[in-house]
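Asks: Take a look at the following structure, please.
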Amino acid sequence: MLFSQNSPRPAPRTIHTCPLSLEQLLKLRTILVARGWEMATRQYMHFFAQRDRLTVAAYEKGPKVVIQGKGVDEFVEFILEPEVLGGPVVLEDGIVEKQIPDVEEVTPHFGVDESGKGDLFGPLVIAGAYVDAEMARHWKAAGIQDSKNIGSDSRIRQLARVILDTPGVVQSVVLIGPERYNEMYKKFGNLNRLLAWGHARVIENLLELKPDCPRALSDQFANPRLIQNALLEKGQGIQLDQRTKAESDPAVAAASILARVRFIDWLAKEGQALGMVLPKGASAQVKAQGKALVLRDGPDVLGKVAKLHFKTASEILSSTSCIQLLPEKGE
């Protein structure tokens, strides 16, 4: 179900319980191990898995699985139901809950999503894709889903090729490299305005290719009017819907994969040119790699490969400047 700007939006779930057979628990465990979840042994549980702020507890009693934390809806929709249950989720009270909308109900629209906004290194990439019911069927069968649920870069590239090879595909990607990103961030003053500009440009580009598309959907990351106000004349006539967890939509999911593949390809190419891996995210590992890069090539290099408004970037520059000022041994 899509929500217009004025429609009430249901709050995302933070916990979900579902009975599973032992065979299904084993299948789920195999999936989580393959995707790099942290696995642990706990009393009264078959297994306990954790990734970011989401946990999956498989209890012996029942047996049942309890999913808790941030991202419950996405886990149920993209992993538990299609890959483990293979159908609607049956809750403990016997109520059948349909998580994935019937692709036959999909009406033509654009989906827009971005990649790289939470990563120190690399560009900000905004992508968009057109979908109709036939494309939705094809993409669902191929496993197209939110890129954040896909832990393998090779799988991202494989799914991106599926999307690009789909007959009648219409897509657009706007890549803002770090140097340009840093300039634009100063101009716009905050990330949400920059994101709105990028989303609007992608929608405009898609309308050049598919001018009769009636609607566009994106994730709601700020005031819905930001994107609407950033649209040019061509985009002012399209119905713009924004909602949280929009990645469950097939067009937005496809856009997330197209954005992600351009992001990881940029990191791979620039890292190879530098002779140094550019890791994703903004973790301690990322900070350490940034320090090593600045100490080797000087502080100016950071603005060429990283987003300078990140606190991590400031910490890298301040820490390396102190190190560079230390006297050499023997002086």
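Every chain in the structure tokens has a letter given in the order shown (A, B, ...), and although residue numbers restart at 1 in each chain, ligands are simply numbered from 1 in the order shown.
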Any idea what's packed within 10 Å of Glu315 (chain A), counting only C-alpha atoms, ignoring anything in its chain fewer than 4 positions away? Could you give it as JSON, numbers by chain?
Replies: {"A": [287, 290, 291, 310, 311, 319, 320, 321]}
Asks: Step one, run DSSP on the backbone; step two, keep only residues of region 215-261 of chain A assigned to strand (DSSP E or B); then write them as a list in words.
Replies: Arg215, Ala216, Leu217, Ser218, Asp219, Gln239, Leu240, Asp241, Gln242 and Arg243 of chain A
Asks: Would you please extract all alpha helix (DSSP H) residues from region 9-234 of chain A, as assigned by DSSP on the backbone, and give them as a ChimeraX atom specification?
Replies: /A:22-34,72-75,133-142,153-164,178-188,191-209,225-230
Asks: Which one is closest to Ser218 (chain A): A:Leu80, A:Leu191, A:Ala253, A:Ile31? Count only C-alpha atoms.
Replies: A:Ala253
Asks: Restricting the calculation to only C-alpha atoms: of A:Arg42, A:Arg193, A:Arg180, A:Lys27, which residue gets closest to Gly303 (chain A)?
Replies: A:Arg180
Asks: Excluding same-chain residues fewer than 3 positions from Val286 (chain A), what lies within 10 Å of it counting only C-alpha atoms, as a PyMOL selection string?
Replies: chain A and resi 119-121+277-283+289-292+312-313+316
Asks: Which residue, A:Pro12, A:Pro82, A:Gly275, A:Gly116, has the smallest gap to Lys148 (chain A) when you use only C-alpha atoms?
Replies: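 Selected residue with least distance to Lys148 (chain A): A:Gly116.
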Asks: Pick from A:Gly111, A:Gln239, A:Pro250, A:Pro123: nearest to His138 (chain A), with only C-alpha atoms counted?
Replies: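 Closest to His138 (chain A) of all the choices is A:Pro250.
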Asks: Quote the spacing between CA of Tyr44 (chain A) and CA of Val65 (chain A) in Å to one decimal place.
Replies: 12.0 Å
Asks: Figure out the distance between CA of Leu175 (chain A) and CA of Ala127 (chain A), please, to one decimal in Å.
Replies: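 One can read the CA of Ala127 (chain A) to CA of Leu175 (chain A) distance as 8.4 Å.
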Asks: Rounded to one decimal, what separation in Å do you get between CA of Leu20 (chain A) and CA of Ala141 (chain A)?
Replies: 23.4 Å
Asks: Leaving out Val72 (chain A) and any residue of its chain fewer than 4 positions from it, which residues lie within 9 Å of it when counting only C-alpha atoms, given as a PyMOL selection string?
Replies: chain A and resi 12-16+54-55+67-68+76-77
Asks: With C-alpha atoms kept, could you save the residues just selected as a PDB file, in the first residue's frame?
Replies:
```
ATOM      1  CA  PRO A  12       7.358   0.200  11.911  1.00  0.00           C
ATOM      2  CA  ARG A  13       7.348  -2.899  14.078  1.00  0.00           C
ATOM      3  CA  THR A  14      10.196  -3.438  16.530  1.00  0.00           C
ATOM      4  CA  ILE A  15       9.351  -7.082  17.336  1.00  0.00           C
ATOM      5  CA  HIS A  16       7.826  -9.990  15.427  1.00  0.00           C
ATOM      6  CA  LEU A  54      18.455  -6.295  14.576  1.00  0.00           C
ATOM      7  CA  THR A  55      18.431  -9.641  16.416  1.00  0.00           C
ATOM      8  CA  ILE A  67      12.888 -10.870  15.442  1.00  0.00           C
ATOM      9  CA  GLN A  68      13.546  -7.682  17.352  1.00  0.00           C
ATOM     10  CA  VAL A  76      10.048 -10.382   7.553  1.00  0.00           C
ATOM     11  CA  GLU A  77       9.213  -9.135   4.075  1.00  0.00           C
TER      12      GLU A  77
END
```
Asks: Name the residues in contact with Thr244 (chain A) at a cut-off of 6 Å, using only C-alpha atoms, excluding same-chain residues fewer than 2 positions from it; report them as a short mmCIF file (atom, residue, chain, number, x, y, z; two decimals) with C-alpha atoms, in the first residue's frame.
Replies:
```
data_model
loop_
_atom_site.label_atom_id
_atom_site.label_comp_id
_atom_site.auth_asym_id
_atom_site.auth_seq_id
_atom_site.Cartn_x
_atom_site.Cartn_y
_atom_site.Cartn_z
CA ASP A 219 11.66 6.86 0.87
CA GLN A 220 10.70 9.67 3.22
CA ALA A 246 9.66 2.40 0.66
#
```
Asks: Which one of A:Ile264, A:Ala306, A:Val66, A:Leu124 sits closest to Gly151 (chain A) if you count only C-alpha atoms?
Replies: A:Ile264
Asks: Name the closest residue to Phe47 (chain A) among the candidates A:Leu28, A:Ala34, A:Ala142, A:Ile79; distances are taken between atoms, counting only C-alpha atoms.
Replies: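 Once distances to Phe47 (chain A) are computed over only C-alpha atoms, the minimum belongs to A:Leu28.
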